[in-house]
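Below: input_25.cif (mmCIF, C-alpha atoms and all ligand atoms)
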data_my_file
loop_
_atom_site.label_atom_id
_atom_site.label_comp_id
_atom_site.auth_asym_id
_atom_site.auth_seq_id
_atom_site.Cartn_x
_atom_site.Cartn_y
_atom_site.Cartn_z
CA MET A 1 -8.97 -11.41 13.51
CA THR A 2 -5.21 -11.25 13.36
CA ALA A 3 -2.90 -11.83 10.41
CA ASN A 4 -0.85 -14.97 10.45
CA ALA A 5 2.22 -12.80 10.02
CA ALA A 6 4.61 -15.69 10.62
CA SER A 7 3.87 -17.45 7.34
CA PRO A 8 1.82 -15.25 5.06
CA ASN A 9 3.38 -16.68 1.95
CA HIS A 10 1.89 -20.14 1.92
CA LEU A 11 -1.25 -18.15 1.11
CA GLN A 12 -0.11 -15.35 -1.13
CA LEU A 13 2.44 -17.17 -3.32
CA THR A 14 1.98 -20.13 -5.64
CA ARG A 15 4.39 -23.05 -5.35
CA ASP A 16 6.63 -21.54 -8.01
CA GLY A 17 6.71 -18.15 -6.28
CA GLN A 18 4.14 -16.19 -8.30
CA LEU A 19 1.62 -13.88 -6.62
CA ARG A 20 -1.74 -15.48 -5.94
CA HIS A 21 -2.98 -12.85 -3.46
CA PHE A 22 -1.34 -9.59 -2.36
CA LEU A 23 -1.75 -9.28 1.40
CA THR A 24 1.54 -8.03 2.81
CA LEU A 25 5.11 -7.33 1.74
CA ASP A 26 6.41 -9.57 4.55
CA GLY A 27 8.33 -12.45 3.09
CA LEU A 28 8.33 -11.11 -0.49
CA GLY A 29 11.89 -11.00 -1.81
CA ARG A 30 13.72 -8.30 -3.75
CA ASP A 31 13.22 -10.06 -7.09
CA LEU A 32 9.46 -10.16 -6.77
CA LEU A 33 9.26 -6.53 -5.56
CA THR A 34 11.45 -5.47 -8.50
CA ASP A 35 9.24 -7.48 -10.84
CA ILE A 36 6.19 -5.54 -9.56
CA LEU A 37 8.01 -2.22 -10.15
CA ASP A 38 9.13 -3.27 -13.65
CA THR A 39 5.63 -4.48 -14.57
CA ALA A 40 4.18 -1.18 -13.30
CA ASP A 41 6.71 0.72 -15.40
CA SER A 42 5.40 -1.06 -18.48
CA PHE A 43 1.83 0.02 -17.57
CA ILE A 44 2.71 3.70 -17.21
CA GLU A 45 2.75 3.98 -20.99
CA VAL A 46 -0.84 2.63 -21.14
CA GLY A 47 -1.97 5.64 -19.10
CA GLU A 48 -0.41 7.97 -21.65
CA ARG A 49 -2.27 6.50 -24.65
CA SER A 50 -5.49 8.00 -26.00
CA ILE A 51 -7.18 4.59 -25.51
CA LYS A 52 -6.02 3.60 -22.04
CA LYS A 53 -6.80 -0.12 -22.09
CA VAL A 54 -5.13 -3.51 -22.28
CA PRO A 55 -7.14 -6.76 -22.38
CA LEU A 56 -5.35 -8.64 -19.55
CA LEU A 57 -8.41 -8.96 -17.27
CA ARG A 58 -11.07 -9.04 -19.99
CA GLY A 59 -14.04 -11.13 -18.86
CA ARG A 60 -12.90 -11.00 -15.20
CA THR A 61 -14.95 -9.42 -12.42
CA VAL A 62 -13.22 -7.31 -9.77
CA VAL A 63 -15.11 -6.26 -6.64
CA ASN A 64 -13.89 -3.26 -4.66
CA LEU A 65 -14.86 -4.08 -1.09
CA PHE A 66 -14.16 -1.00 1.03
CA PHE A 67 -15.27 -1.25 4.65
CA GLU A 68 -13.35 1.95 5.48
CA SER A 69 -13.47 5.18 3.52
CA SER A 70 -10.94 5.99 0.84
CA THR A 71 -10.61 8.37 -2.09
CA ARG A 72 -7.28 7.79 -3.86
CA THR A 73 -6.89 4.09 -3.19
CA ARG A 74 -10.41 3.17 -4.18
CA SER A 75 -10.52 5.29 -7.34
CA THR A 76 -7.07 4.20 -8.55
CA PHE A 77 -7.96 0.53 -7.98
CA GLU A 78 -11.12 1.12 -10.01
CA LEU A 79 -9.22 2.86 -12.82
CA ALA A 80 -6.54 0.14 -12.77
CA ALA A 81 -9.14 -2.62 -13.11
CA LYS A 82 -10.90 -0.76 -15.92
CA ARG A 83 -7.63 -0.17 -17.77
CA LEU A 84 -7.05 -3.93 -17.55
CA SER A 85 -10.54 -4.35 -19.15
CA ALA A 86 -12.12 -6.03 -16.10
CA ASP A 87 -15.75 -5.53 -15.09
CA VAL A 88 -15.70 -3.61 -11.81
CA LEU A 89 -18.21 -3.57 -9.00
CA ASN A 90 -17.82 -0.97 -6.24
CA LEU A 91 -19.58 -2.19 -3.17
CA ASP A 92 -20.93 0.63 -1.03
CA ILE A 93 -20.62 -1.01 2.36
CA ASN A 94 -22.77 1.60 4.11
CA THR A 95 -25.81 0.62 2.07
CA SER A 96 -24.91 -3.05 1.73
CA ALA A 97 -26.15 -6.06 3.66
CA THR A 98 -23.26 -5.82 6.12
CA SER A 99 -25.02 -2.91 7.78
CA LYS A 100 -28.12 -5.13 8.02
CA GLY A 101 -26.21 -7.63 10.13
CA GLU A 102 -24.88 -10.02 7.48
CA SER A 103 -21.48 -11.45 8.42
CA LEU A 104 -18.38 -10.80 6.33
CA SER A 105 -18.27 -14.48 5.33
CA ASP A 106 -21.89 -14.43 4.15
CA THR A 107 -21.37 -11.23 2.15
CA LEU A 108 -18.39 -12.87 0.48
CA LEU A 109 -20.24 -16.10 -0.30
CA ASN A 110 -22.90 -14.05 -2.06
CA LEU A 111 -20.34 -12.07 -4.04
CA GLU A 112 -18.53 -15.26 -5.00
CA ALA A 113 -21.84 -16.71 -6.17
CA MET A 114 -21.84 -13.86 -8.70
CA ALA A 115 -18.61 -15.37 -10.08
CA SER A 116 -16.20 -12.67 -8.90
CA ASP A 117 -12.53 -13.27 -9.68
CA MET A 118 -10.89 -10.72 -7.38
CA PHE A 119 -11.71 -8.81 -4.23
CA VAL A 120 -9.88 -5.61 -3.37
CA VAL A 121 -10.36 -5.27 0.38
CA ARG A 122 -9.96 -2.34 2.75
CA HIS A 123 -10.86 -2.94 6.36
CA ALA A 124 -10.34 -1.17 9.69
CA GLN A 125 -9.27 -4.46 11.28
CA SER A 126 -5.73 -5.74 10.84
CA GLY A 127 -5.78 -9.17 9.23
CA ALA A 128 -9.20 -8.93 7.51
CA PRO A 129 -7.85 -9.49 3.94
CA HIS A 130 -5.76 -12.40 5.23
CA PHE A 131 -8.84 -13.93 6.87
CA ILE A 132 -10.77 -13.60 3.60
CA ALA A 133 -7.90 -15.13 1.58
CA GLU A 134 -7.95 -18.14 3.89
CA SER A 135 -11.63 -18.79 3.35
CA VAL A 136 -12.23 -17.73 -0.24
CA THR A 137 -12.85 -20.26 -3.05
CA PRO A 138 -9.63 -21.31 -4.81
CA GLY A 139 -9.08 -19.23 -7.93
CA VAL A 140 -10.26 -15.94 -6.38
CA ALA A 141 -7.54 -13.36 -5.69
CA ILE A 142 -7.55 -11.06 -2.65
CA ILE A 143 -5.71 -7.75 -2.77
CA ASN A 144 -5.11 -5.83 0.45
CA ALA A 145 -6.03 -2.15 0.03
CA GLY A 146 -5.09 -1.30 3.64
CA ASP A 147 -5.97 -3.18 6.85
CA GLY A 148 -5.99 -1.44 10.24
CA ARG A 149 -2.47 -0.55 11.31
CA HIS A 150 -1.06 -3.68 9.70
CA ALA A 151 -0.20 -3.13 6.03
CA HIS A 152 -0.89 -1.12 2.91
CA PRO A 153 1.28 -2.97 0.40
CA THR A 154 0.12 -1.30 -2.84
CA GLN A 155 0.69 2.15 -1.28
CA ALA A 156 4.25 1.19 -0.31
CA MET A 157 4.92 -0.18 -3.80
CA LEU A 158 3.65 2.96 -5.54
CA ASP A 159 5.92 4.91 -3.20
CA MET A 160 8.86 2.69 -4.20
CA LEU A 161 8.04 3.25 -7.88
CA THR A 162 8.02 7.03 -7.30
CA ILE A 163 11.36 6.88 -5.45
CA ARG A 164 12.93 4.75 -8.21
CA GLN A 165 11.70 7.15 -10.90
CA HIS A 166 13.28 10.13 -9.15
CA LYS A 167 16.41 8.56 -7.67
CA GLY A 168 17.19 5.73 -10.11
CA ALA A 169 18.02 3.11 -7.46
CA PHE A 170 17.61 2.39 -3.75
CA GLU A 171 21.25 1.71 -2.87
CA GLY A 172 22.78 4.59 -0.92
CA LEU A 173 19.47 6.35 -0.24
CA LYS A 174 18.68 7.98 3.09
CA VAL A 175 14.93 7.99 3.68
CA ALA A 176 12.90 9.31 6.61
CA ILE A 177 9.27 8.71 7.49
CA VAL A 178 7.88 11.46 9.73
CA GLY A 179 4.86 11.72 12.02
CA ASP A 180 2.27 9.24 13.21
CA ILE A 181 4.19 5.98 12.81
CA LEU A 182 2.19 4.31 15.60
CA HIS A 183 -1.08 4.13 13.67
CA SER A 184 0.37 3.92 10.17
CA ARG A 185 0.00 0.79 8.04
CA VAL A 186 1.74 2.78 5.29
CA ALA A 187 4.93 3.25 7.37
CA ARG A 188 5.10 -0.46 8.22
CA SER A 189 4.86 -1.49 4.57
CA GLN A 190 7.29 1.23 3.43
CA ILE A 191 9.93 0.22 5.99
CA ARG A 192 9.63 -3.39 4.85
CA ALA A 193 9.94 -2.46 1.14
CA LEU A 194 12.85 -0.05 1.66
CA ASN A 195 14.79 -2.67 3.62
CA GLU A 196 14.19 -5.35 1.02
CA LEU A 197 15.10 -3.06 -1.88
CA GLY A 198 18.37 -2.01 -0.22
CA ALA A 199 17.96 1.60 1.00
CA GLU A 200 21.01 2.65 3.03
CA GLN A 201 19.23 4.35 5.96
CA ILE A 202 15.60 4.31 7.05
CA ARG A 203 14.82 6.77 9.82
CA VAL A 204 11.54 7.34 11.56
CA ILE A 205 11.11 10.82 13.06
CA ALA A 206 8.34 11.28 15.61
CA PRO A 207 7.52 12.07 19.22
CA GLY A 208 7.72 9.01 21.50
CA THR A 209 3.93 8.95 21.87
CA LEU A 210 3.52 8.31 18.12
CA LEU A 211 5.99 5.44 17.87
CA PRO A 212 5.24 1.74 18.39
CA SER A 213 7.24 0.31 21.30
CA ASP A 214 9.08 -2.19 19.06
CA VAL A 215 9.71 0.28 16.24
CA GLU A 216 13.40 -0.53 15.76
CA SER A 217 12.57 -4.19 15.20
CA LEU A 218 10.79 -3.09 12.01
CA GLY A 219 14.21 -2.27 10.57
CA CYS A 220 14.74 1.46 11.07
CA THR A 221 16.48 3.95 13.34
CA VAL A 222 14.60 6.43 15.54
CA GLU A 223 15.10 10.17 15.69
CA TYR A 224 13.05 12.42 17.96
CA ASP A 225 14.54 15.68 16.72
CA MET A 226 13.41 16.84 13.28
CA ALA A 227 16.48 19.01 12.56
CA ARG A 228 18.85 16.08 13.20
CA GLY A 229 16.59 13.66 11.33
CA MET A 230 16.40 15.82 8.18
CA LYS A 231 20.17 15.95 7.72
CA ASP A 232 21.35 14.63 4.30
CA LEU A 233 17.98 13.06 3.46
CA ASP A 234 17.25 12.00 -0.13
CA VAL A 235 13.58 11.24 0.51
CA VAL A 236 11.22 12.52 3.22
CA ILE A 237 7.82 10.90 3.62
CA MET A 238 5.28 12.82 5.72
CA LEU A 239 2.33 11.06 7.37
CA ARG A 240 -1.08 12.26 8.45
CA LEU A 241 -2.08 12.15 12.12
CA GLN A 242 -4.49 9.18 12.11
CA LYS A 243 -6.98 10.68 14.55
CA GLU A 244 -9.58 7.99 13.80
CA ARG A 245 -7.20 5.40 15.31
CA MET A 246 -6.05 7.48 18.30
CA GLU A 247 -7.26 6.63 21.75
CA GLY A 248 -6.81 9.49 24.20
CA ALA A 249 -4.55 12.51 23.78
CA LEU A 250 -1.21 11.53 22.26
CA LEU A 251 -0.21 15.10 21.44
CA PRO A 252 -0.30 18.40 23.31
CA SER A 253 -1.85 20.13 20.24
CA GLU A 254 -1.72 20.15 16.43
CA ARG A 255 0.03 23.52 16.59
CA GLU A 256 2.75 22.12 18.78
CA PHE A 257 3.07 19.08 16.50
CA TYR A 258 3.44 21.35 13.46
CA ARG A 259 6.06 23.45 15.21
CA LEU A 260 8.18 20.42 16.07
CA TYR A 261 7.51 17.96 13.24
CA GLY A 262 5.61 19.77 10.47
CA LEU A 263 7.58 19.97 7.22
CA SER A 264 8.18 23.67 6.58
CA GLN A 265 10.50 25.15 3.97
CA ASP A 266 13.05 25.85 6.73
CA LYS A 267 13.15 22.24 7.84
CA LEU A 268 13.28 20.95 4.26
CA ALA A 269 16.33 23.16 3.65
CA LEU A 270 18.24 20.94 6.13
CA ALA A 271 17.94 17.91 3.82
CA HIS A 272 19.93 17.19 0.65
CA PRO A 273 19.05 19.93 -1.92
CA GLU A 274 17.50 17.29 -4.21
CA CYS A 275 15.48 15.63 -1.47
CA ILE A 276 12.00 14.67 -2.69
CA VAL A 277 8.90 15.18 -0.52
CA MET A 278 6.26 12.45 -0.40
CA HIS A 279 2.93 11.92 1.36
CA PRO A 280 0.41 9.08 0.90
CA GLY A 281 -2.50 11.50 1.30
CA PRO A 282 -4.83 12.85 2.43
CA ILE A 283 -2.58 15.79 3.36
CA ASN A 284 -3.40 18.17 6.19
CA ARG A 285 -1.87 21.51 5.30
CA GLY A 286 -0.51 23.34 8.31
CA VAL A 287 -0.59 20.19 10.46
CA GLU A 288 2.12 17.90 9.06
CA ILE A 289 3.13 19.89 5.98
CA GLU A 290 3.34 23.54 4.92
CA SER A 291 1.42 24.39 1.73
CA ALA A 292 4.52 25.88 0.10
CA VAL A 293 6.27 22.51 0.54
CA ALA A 294 3.30 20.36 -0.54
CA ASP A 295 2.96 22.42 -3.73
CA GLY A 296 6.68 23.16 -4.11
CA PRO A 297 9.25 21.94 -6.63
CA GLN A 298 10.52 19.07 -4.44
CA SER A 299 7.04 17.61 -3.91
CA VAL A 300 6.19 14.40 -5.82
CA ILE A 301 2.86 13.87 -4.02
CA LEU A 302 0.75 13.95 -7.18
CA ASN A 303 3.20 11.65 -9.02
CA GLN A 304 2.50 9.14 -6.25
CA VAL A 305 -1.21 9.24 -7.09
CA THR A 306 -0.57 8.70 -10.82
CA ASN A 307 1.81 5.82 -10.05
CA GLY A 308 -0.91 4.20 -7.94
CA ILE A 309 -2.77 3.22 -11.09
CA ALA A 310 0.25 1.51 -12.70
CA ILE A 311 1.21 -0.33 -9.49
CA ARG A 312 -2.35 -1.55 -8.96
CA MET A 313 -2.54 -2.71 -12.59
CA ALA A 314 0.72 -4.62 -12.04
CA VAL A 315 -0.39 -6.32 -8.82
CA MET A 316 -3.86 -7.22 -10.13
CA SER A 317 -2.56 -8.70 -13.38
CA MET A 318 0.22 -10.61 -11.59
CA ALA A 319 -2.17 -12.07 -9.00
CA MET A 320 -4.61 -13.13 -11.71
CA GLY A 321 -1.72 -14.74 -13.63
CA GLY A 322 -0.68 -16.62 -10.46
CA GLN A 323 -4.26 -17.82 -9.88
CA VAL A 324 -4.49 -19.14 -13.44
CA ALA A 325 -1.08 -20.88 -13.21
CA ASP A 326 -2.07 -22.32 -9.83
CA ARG A 327 -5.30 -23.79 -11.21
CA GLN A 328 -3.47 -25.27 -14.20
CA GLN A 329 -0.85 -26.84 -11.94
CA LYS A 330 -3.52 -28.37 -9.68
CA LEU A 331 -5.34 -29.76 -12.74
CA THR A 332 -2.11 -31.27 -14.11
CA GLU A 333 -1.42 -32.91 -10.72
CA LEU A 334 -4.94 -34.34 -10.54
CA THR A 335 -4.70 -35.61 -14.13
CA GLU A 336 -1.35 -37.29 -13.39
CA ARG A 337 -2.89 -39.01 -10.37
CA GLY A 338 -5.81 -40.15 -12.55
CA LEU A 339 -8.27 -38.05 -10.53
CA ALA A 340 -9.38 -35.62 -13.21
N1 LIG A 401 -4.29 6.84 2.74
C1 LIG A 401 -3.37 6.19 3.66
C2 LIG A 401 -4.01 4.99 4.32
O1 LIG A 401 -5.07 4.56 3.94
C3 LIG A 401 -2.78 7.14 4.62
C4 LIG A 401 -3.75 7.88 5.50
O2 LIG A 401 -4.96 7.62 5.49
O3 LIG A 401 -3.27 8.73 6.25
O4 LIG A 401 -3.44 4.44 5.25
#
Give the structure from the file, written as structure tokens.
Ligand code: ASP
Amino acid sequence: MTANAASPNHLQLTRDGQLRHFLTLDGLGRDLLTDILDTADSFIEVGERSIKKVPLLRGRTVVNLFFESSTRTRSTFELAAKRLSADVLNLDINTSATSKGESLSDTLLNLEAMASDMFVVRHAQSGAPHFIAESVTPGVAIINAGDGRHAHPTQAMLDMLTIRQHKGAFEGLKVAIVGDILHSRVARSQIRALNELGAEQIRVIAPGTLLPSDVESLGCTVEYDMARGMKDLDVVIMLRLQKERMEGALLPSEREFYRLYGLSQDKLALAHPECIVMHPGPINRGVEIESAVADGPQSVILNQVTNGIAIRMAVMSMAMGGQVADRQQKLTELTERGLA
């Protein structure tokens, strides 16, 4: 399974440019990304109410389909769906039919037969959500919750929301992403979003063994030296070493990695004094980040988690709106042609 990265948008956008699925940030323009951020902003207030619900997905069924483990992403998708008043089903893949040999397509057919309206999909294989979106019944929305090394678009958008909250705008910002870029779907989606939203500089800082060979073509500059890379930064995003995706030894040792690339207070002092520290989680203290930095005044790591709910509410409600508009448009066309 590979994503049809060349033209993802015939699938994920309706003819008038609304979201129908949310698979990748590739091909999504600045206006749409800003629309997602603005919609999420309007949902933040819902999370501050005593009754944290709006009726936008009332009567809809959302299935969380996680083939790979997750804590934050899965629980914030669940909370987002519940705050939109949807009925939510969390499918435990380990105890589901998939482990009894049922194919992905058959599992989906069965879930669709239960009249599901949206699948939130996490999968270890790049392109799995795209594959599902190609085969699913029209009217059902697919949201990518992270596929292989390919993309994690809701994570990148919650990161953009967090940056906008703290920095106001993207223009003029210097941002670095540090660590295991090679295996990171998060880094790929963040680089795409930062470029589209107009950040001034996007640096990746890593040893050569943790960089994809074509990294510059993603739209960033490369820095191997942490001290040089930290200079003047407004935002530093630390990444976890994705050991589950590593084949063979890519690093001498975790200790050595921490010494060279771990974010300590000393290294953070080289950035702009108001530089914010981000991490998609889960964090590994003493491997890529020092505890005093993770818990320190410049850290916005827990704000990222909170913003995940608002971003996921935004994407889910926008995709459902696109599906409804799409169906109405198709019905109008059929009626005009005398076929309905
Ligand atoms: N939670 C993020 C992801 O699913 C980052 C990580 O696992 O390191 O990609």
Exercise. If you count all atoms listed in the file, which residues end up within 10 Å of ligand LIG 401 (chain A), as a PyMOL selection string?
Worked result: chain A and resi 68-74+122-124+145-152+155-156+180+183-187+238-244+279-284
For this session: Write out as a PyMOL selection string each polymer residue whose atoms come within 10 Å of Glu196 (chain A), counting all atoms listed in the file; drop sequence neighbours fewer than 3 positions from it.
Result: chain A and resi 25-31+33-34+170+190-193+199
Exercise. When you draw a straight line from CA of Ile181 (chain A) to CA of Ala141 (chain A), how long is it in Å?
Worked result: 29.2 Å
Show me a table, sorted first by chain and then by increasing residue number, of the residues of region 62-85 of chain A having an atom at most 12 Å from region 47-53 of chain A, each with its shortest atom pair and the distance in Å to one decimal, counting all atoms listed in the file and written as a tab-separated table.
residue	atom	partner	partner_atom	distance
A:Thr76	CA	A:Gly47	CA	11.8
A:Leu79	CA	A:Lys52	CA	9.8
A:Ala80	CA	A:Lys53	CA	9.3
A:Ala81	CA	A:Lys53	CA	9.6
A:Lys82	CA	A:Lys53	CA	7.4
A:Arg83	CA	A:Lys53	CA	4.4
A:Leu84	CA	A:Lys53	CA	5.9
A:Ser85	CA	A:Lys53	CA	6.4
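The spacing separating CA of Phe22 (chain A) from CA of Val121 (chain A) amounts to 10.4 Å.
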For this session: Just the residues within 12 Å of Lys330 (chain A), please, counting all atoms listed in the file, with nothing from its chain fewer than 2 positions along; format it as a list in words.
Result: Thr14, Arg15, Pro138, Gly139, Gln323, Val324, Ala325, Asp326, Arg327, Gln328, Thr332, Glu333, Leu334, Thr335, Glu336, Arg337, Leu339 and Ala340 of chain A
For this session: Using CA of Gly127 (chain A) and CA of Leu23 (chain A) as the two end points, give the distance in Å to one decimal.
Result: 8.8 Å
For this session: Identify, on the basis of all atoms listed in the file, every residue whose closest approach to Ile311 (chain A) does not exceed 7 Å; exclude the query and any residue fewer than 2 positions from it along the same chain; express the result as a list in words.
Result: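 Everything that qualifies: Ala40, Thr154, Met157, Leu158, Asn307, Gly308, Ile309, Met313, Ala314 and Val315 of chain A.
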Which residues, written as an mmCIF file with C-alpha atoms, in the coordinates of the input, have at least one atom at most 7 Å from Ala86 (chain A), with all atoms listed in the file counted and residues fewer than 4 positions away on the same chain left out?
data_model
loop_
_atom_site.group_PDB
_atom_site.id
_atom_site.type_symbol
_atom_site.label_atom_id
_atom_site.label_comp_id
_atom_site.auth_asym_id
_atom_site.auth_seq_id
_atom_site.Cartn_x
_atom_site.Cartn_y
_atom_site.Cartn_z
ATOM 1 C CA LEU A 57 -8.410 -8.960 -17.270
ATOM 2 C CA ARG A 58 -11.070 -9.040 -19.990
ATOM 3 C CA GLY A 59 -14.040 -11.130 -18.860
ATOM 4 C CA ARG A 60 -12.900 -11.000 -15.200
ATOM 5 C CA THR A 61 -14.950 -9.420 -12.420
ATOM 6 C CA VAL A 62 -13.220 -7.310 -9.770
ATOM 7 C CA ALA A 81 -9.140 -2.620 -13.110
ATOM 8 C CA LYS A 82 -10.900 -0.760 -15.920
#
Problem set entry | 9 Å contact set for Val287 (chain A), only C-alpha atoms, chain neighbours under 6 positions out, as a ChimeraX atom specification | /A:240-241,254-255,257-259,261-263
Exercise. Which residue out of A:Glu274, A:Glu216, A:Asp159, A:Glu288 has the minimum interatomic distance to Ile301 (chain A) when only C-alpha atoms are used?
Worked result: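 The closest residue to Ile301 (chain A) is A:Asp159.
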Exercise. So, counting only C-alpha atoms, which residue among A:Val236, A:Ala249, A:Leu270, A:Val140 is closest to Ile289 (chain A)?
Worked result: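 That would be A:Val236, the residue with the smallest distance to Ile289 (chain A).
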For this session: Kindly indicate which residue among A:Ser213, A:Gln18, A:Asn64, A:Asn195 lies nearest to Leu91 (chain A), using only C-alpha atoms for the distances.
Result: A:Asn64
Seminar exercise, completed: From the list A:His272, A:Arg312, A:Arg245, A:Arg188, the nearest residue to Gly219 (chain A) using all atoms listed in the file is A:Arg188
